[in-house]
Amino acid sequence: MKTLACIVLCVLCISSINNAAHGQLTSTFYNKLCPTALSIVKAAVNKAVNNEKRMGASLLRLHFHDCFVNGCDGSILLDDNSTFTGEKTALPNANSVRGFDVIDTIKTQVEAACSGVVSCADILAIVARDSVVQLGGPTWTVLLGRRDSTTASLSAANNNIPSPASNLSALISSFTAHGLSTKDLVALSGGHTIGQARCTTFRARIYNESNIDTSFATSVKSSCPSAGGDNTLSPLDLATPTTFDNKYYTDLGNRKGLLHSDQQLFSGGSTNSQVTTYSANQNTFFTDFAAAMVKMGNISPLTGTSGQIRKNCRKAN
């Protein structure tokens with residue numbers, strides 16, 4: 001019986017590895033390779049988010065900013081070294097992307113349970129889902145089997161992550177380039193129902209734009225002066241900034257989008273109707289957001305013999 005059990009175990013492991021070798025992510029990748037992986041990640045995320053609600057948004061953003069730069073390969077976690085300047089100091093990330101210490105903690109715990117098995121890229125994907133759930137949002141089945149890159153690119157991060165100053169056509173083009181539809185764009189933008197933004201990213205909107213509610217602009221100006229205070233924070237969703245819900249879309253309908261790129265989704269263009277739908281039906285938003293997250297998580301993953309399983313998410317082995 002022991003021999004039979006070993007054979008079954010080996011077959012299941014080989015099956016998971018073969019799926020990844022052919023570029024196919026699978027929901028069962030760690031079931032036998034590291035059965036406690038998902039529960040370890042979930043417990044750590046719950047602890048981090050309970051300690052600081054904003055961390056949920058930060059961890060979700062890490063996955064997004066990772067996937068949009070050469071695929072979901074954990075490259076955003078790499079520190080600069082003598083051979084490359086990584087993504088952490090890129091314009092969309094500098095003084096902004098955070099949560100690296102939470103990922104470090106999770107990686108240490110997972111390595112203690114199953115050394116050299118669970119990739120940093122997969123941890124980012126799981127963490128994004130668990131953060132959304134912890135803040136009241138939808139769940140989804142995370143597909144796994146990604147491997148980690150050994151390098152990162154400052155220029156790719158600067159060029160591929162959409163700017164908060166983007167207009168609608170630029171946003172659509174950026175998402176299309178990553179295999180994501182306009183529907184995915186609107187759904188994924190709903191991630192801005194949690195988290196905060198720096199004054200420097202929305203100053204031009206609140207002081208210069210006309211497609212903005214006057215009282216909203218005035219209230220935000222109190223914490224974002226016309227000069228200075230670049231890193232002062234304001235919630236992307238004023239009403240419920242630590243709850244994952246559909247209030248972001250209600251804000252857009254009321255011309256209370258904080259970022260220019262947010263308000264572009266409800267600005268007389270092709271995405272107005274989808275914003276209206278999500279504003280009226282949270283369940284529809286949740287369903288579409290979950291589907292879009294799975295789709296985003298499948299952007300150009302490294303699988304099989306590509307990349308590696310980094311022991312330390314900050315550096316290659």
# chains A, B, ... in the order shown; residues from 1 in each chain; ligands from 1

$ residues_around --residues "region 146-154 of chain A" --least-positions-apart "3" --cutoff "8 Å" --atoms "only C-alpha atoms" --output "PyMOL selection string"
chain A and resi 20+25+69+72-76+78+84-90+119-122+157-158+301-304+306-310+315-316

$ write_last_selection --atoms "N, CA and C atoms" --output "compact mmCIF listing (two decimals), in the first residue's frame"
# COMPACT_ATOMS: atom_id res chain seq x y z
N ALA A 20 2.58 22.75 -15.96
CA ALA A 20 3.35 23.99 -15.97
C ALA A 20 4.35 24.01 -17.12
N LEU A 25 -1.28 26.92 -16.25
CA LEU A 25 -1.41 27.05 -14.81
C LEU A 25 -2.59 26.19 -14.36
N VAL A 69 4.36 44.04 -16.16
CA VAL A 69 5.75 44.22 -16.58
C VAL A 69 6.37 42.86 -16.89
N CYS A 72 3.49 37.88 -15.19
CA CYS A 72 3.38 37.62 -13.75
C CYS A 72 4.54 36.72 -13.31
N ASP A 73 5.69 37.33 -13.07
CA ASP A 73 6.91 36.56 -12.82
C ASP A 73 7.64 36.95 -11.54
N GLY A 74 7.00 37.74 -10.69
CA GLY A 74 7.63 38.13 -9.43
C GLY A 74 8.75 39.13 -9.57
N SER A 75 8.90 39.73 -10.75
CA SER A 75 10.03 40.63 -10.98
C SER A 75 9.96 41.90 -10.13
N ILE A 76 8.76 42.33 -9.77
CA ILE A 76 8.62 43.56 -9.00
C ILE A 76 9.27 43.43 -7.62
N LEU A 78 12.17 42.01 -6.92
CA LEU A 78 13.64 41.97 -6.95
C LEU A 78 14.26 43.32 -6.60
N PHE A 84 21.45 44.80 -12.85
CA PHE A 84 20.27 45.50 -13.37
C PHE A 84 19.68 46.44 -12.31
N THR A 85 19.00 47.45 -12.81
CA THR A 85 18.18 48.31 -11.96
C THR A 85 16.75 47.83 -12.11
N GLY A 86 16.16 47.43 -11.01
CA GLY A 86 14.85 46.79 -11.07
C GLY A 86 13.67 47.74 -11.14
N GLU A 87 12.51 47.25 -10.75
CA GLU A 87 11.25 47.96 -10.95
C GLU A 87 10.81 48.80 -9.76
N LYS A 88 11.44 48.61 -8.62
CA LYS A 88 10.97 49.28 -7.41
C LYS A 88 11.11 50.79 -7.47
N THR A 89 12.09 51.29 -8.22
CA THR A 89 12.30 52.74 -8.30
C THR A 89 11.72 53.33 -9.58
N ALA A 90 10.98 52.54 -10.35
CA ALA A 90 10.32 53.07 -11.55
C ALA A 90 9.28 54.10 -11.12
N SER A 119 6.66 29.52 -5.71
CA SER A 119 7.29 30.70 -6.31
C SER A 119 6.78 32.00 -5.71
N CYS A 120 7.59 33.02 -5.80
CA CYS A 120 7.20 34.36 -5.35
C CYS A 120 6.08 34.90 -6.23
N ALA A 121 6.11 34.58 -7.52
CA ALA A 121 5.05 35.02 -8.44
C ALA A 121 3.71 34.43 -8.03
N ASP A 122 3.69 33.18 -7.64
CA ASP A 122 2.44 32.56 -7.19
C ASP A 122 1.99 33.15 -5.86
N ALA A 157 8.94 48.76 -16.55
CA ALA A 157 7.97 49.22 -15.56
C ALA A 157 7.52 50.64 -15.89
N ASN A 158 8.45 51.48 -16.30
CA ASN A 158 8.10 52.85 -16.66
C ASN A 158 7.19 52.91 -17.88
N PRO A 301 3.16 33.90 -17.95
CA PRO A 301 3.85 33.31 -16.80
C PRO A 301 5.06 32.49 -17.25
N LEU A 302 6.08 32.47 -16.42
CA LEU A 302 7.21 31.56 -16.64
C LEU A 302 6.81 30.20 -16.09
N THR A 303 6.97 29.14 -16.86
CA THR A 303 6.59 27.81 -16.40
C THR A 303 7.64 26.80 -16.83
N GLY A 304 7.48 25.57 -16.34
CA GLY A 304 8.38 24.48 -16.74
C GLY A 304 9.80 24.73 -16.27
N SER A 306 11.60 27.36 -17.34
CA SER A 306 11.90 28.80 -17.41
C SER A 306 11.94 29.38 -16.01
N GLY A 307 12.80 30.36 -15.79
CA GLY A 307 12.88 30.99 -14.49
C GLY A 307 13.35 30.04 -13.40
N GLN A 308 12.98 30.34 -12.17
CA GLN A 308 13.40 29.52 -11.02
C GLN A 308 12.41 29.73 -9.88
N ILE A 309 12.56 28.96 -8.83
CA ILE A 309 11.80 29.19 -7.60
C ILE A 309 12.75 29.92 -6.65
N ARG A 310 12.59 31.24 -6.53
CA ARG A 310 13.52 32.00 -5.70
C ARG A 310 13.33 31.66 -4.23
N LYS A 315 15.89 38.49 -4.36
CA LYS A 315 17.07 38.25 -5.18
C LYS A 315 17.01 36.87 -5.81
N ALA A 316 17.69 36.75 -6.96
CA ALA A 316 17.76 35.44 -7.63
C ALA A 316 18.61 34.49 -6.80

$ residues_around --residues "Asn298 (chain A)" --least-positions-apart "2" --cutoff "10 Å" --atoms "only C-alpha atoms" --output "mmCIF file with C-alpha atoms, in the first residue's frame"
data_model
loop_
_atom_site.group_PDB
_atom_site.id
_atom_site.type_symbol
_atom_site.label_atom_id
_atom_site.label_comp_id
_atom_site.auth_asym_id
_atom_site.auth_seq_id
_atom_site.Cartn_x
_atom_site.Cartn_y
_atom_site.Cartn_z
ATOM 1 C CA GLY A 23 2.480 26.829 -19.989
ATOM 2 C CA GLN A 24 -0.723 25.754 -18.270
ATOM 3 C CA LEU A 25 -1.408 27.049 -14.807
ATOM 4 C CA CYS A 67 1.865 41.207 -14.190
ATOM 5 C CA GLY A 71 4.242 39.000 -17.180
ATOM 6 C CA CYS A 72 3.384 37.618 -13.753
ATOM 7 C CA ALA A 125 -1.298 35.908 -7.064
ATOM 8 C CA VAL A 142 -6.153 31.160 -8.249
ATOM 9 C CA LEU A 143 -4.343 29.271 -10.988
ATOM 10 C CA LEU A 144 -0.790 28.339 -9.967
ATOM 11 C CA ARG A 146 4.313 30.249 -12.146
ATOM 12 C CA HIS A 178 -1.586 42.618 -22.268
ATOM 13 C CA GLY A 179 -4.414 40.549 -23.731
ATOM 14 C CA ALA A 292 -10.553 39.492 -14.945
ATOM 15 C CA MET A 293 -8.129 38.762 -12.089
ATOM 16 C CA VAL A 294 -7.742 35.163 -13.277
ATOM 17 C CA LYS A 295 -7.158 36.430 -16.812
ATOM 18 C CA MET A 296 -4.606 39.021 -15.656
ATOM 19 C CA SER A 300 3.006 35.496 -19.821
ATOM 20 C CA PRO A 301 3.854 33.313 -16.805
ATOM 21 C CA LEU A 302 7.211 31.562 -16.644
#

$ atom_distance --atom1 "CA of Glu111 (chain A)" --atom2 "CA of Asn317 (chain A)"
13.5 Å

$ closest_atom_pairs --of "region 102-219 of chain A" --to "region 271-282 of chain A" --cutoff "12 Å" --atoms "only C-alpha atoms" --output "CSV"
residue,atom,partner,partner_atom,distance
A:Gly136,CA,A:Gln282,CA,11.7
A:Gly137,CA,A:Gln282,CA,9.9
A:Pro138,CA,A:Gln282,CA,10.1
A:Leu168,CA,A:Thr271,CA,8.7
A:Ser169,CA,A:Thr271,CA,10.7
A:Leu171,CA,A:Thr271,CA,11.3
A:Ile172,CA,A:Thr271,CA,10.0
A:Ser181,CA,A:Thr271,CA,11.4
A:Thr182,CA,A:Thr271,CA,7.7
A:Lys183,CA,A:Gln274,CA,7.6
A:Asp184,CA,A:Gln274,CA,10.5
A:Leu185,CA,A:Thr271,CA,9.3
A:Val186,CA,A:Val275,CA,7.2
A:Ala187,CA,A:Tyr278,CA,8.4
A:Leu188,CA,A:Val275,CA,11.6
A:Ser189,CA,A:Val275,CA,10.2
A:Gly190,CA,A:Tyr278,CA,9.1
A:Thr193,CA,A:Ser279,CA,11.6

$ closest_residue --among "A:Thr26, A:Thr250, A:Thr200, A:Asn312" --to "Leu238 (chain A)" --atoms "only C-alpha atoms"
A:Thr250

$ closest_residue --among "A:Asn93, A:Thr36, A:Asn81, A:Asn246" --to "Ser58 (chain A)" --atoms "only C-alpha atoms"
A:Asn93

$ atom_distance --atom1 "CA of Val132 (chain A)" --atom2 "CA of Asn254 (chain A)"
24.5 Å

$ atom_distance --atom1 "CA of Ile299 (chain A)" --atom2 "CA of Thr201 (chain A)"
26.4 Å

$ select_by_dssp --residues "region 100-246 of chain A" --states "strand (DSSP E)" --output "list of chain:residue names"
A:Gln196, A:Ala197, A:Arg198, A:Leu233, A:Ser234, A:Pro235

$ write_last_selection --atoms "N, CA, C and O atoms" --output "CSV table (one decimal), in the first residue's frame"
chain,number,residue,atom,x,y,z
A,196,GLN,N,-5.3,54.0,-1.3
A,196,GLN,CA,-5.1,55.5,-1.3
A,196,GLN,C,-4.1,55.9,-2.4
A,196,GLN,O,-3.4,55.0,-2.9
A,197,ALA,N,-4.2,57.1,-2.8
A,197,ALA,CA,-3.2,57.7,-3.8
A,197,ALA,C,-2.5,58.9,-3.3
A,197,ALA,O,-3.0,59.6,-2.4
A,198,ARG,N,-1.3,59.1,-3.9
A,198,ARG,CA,-0.5,60.3,-3.4
A,198,ARG,C,-1.0,61.5,-4.1
A,198,ARG,O,-1.4,61.5,-5.3
A,233,LEU,N,-1.6,61.4,1.3
A,233,LEU,CA,-2.5,60.4,0.8
A,233,LEU,C,-4.0,60.8,0.9
A,233,LEU,O,-4.3,61.6,1.8
A,234,SER,N,-4.7,60.4,-0.1
A,234,SER,CA,-6.2,60.5,0.0
A,234,SER,C,-6.8,59.2,-0.5
A,234,SER,O,-6.3,58.6,-1.5
A,235,PRO,N,-7.9,58.8,0.1
A,235,PRO,CA,-8.5,57.5,-0.3
A,235,PRO,C,-9.1,57.6,-1.8
A,235,PRO,O,-9.7,58.6,-2.2
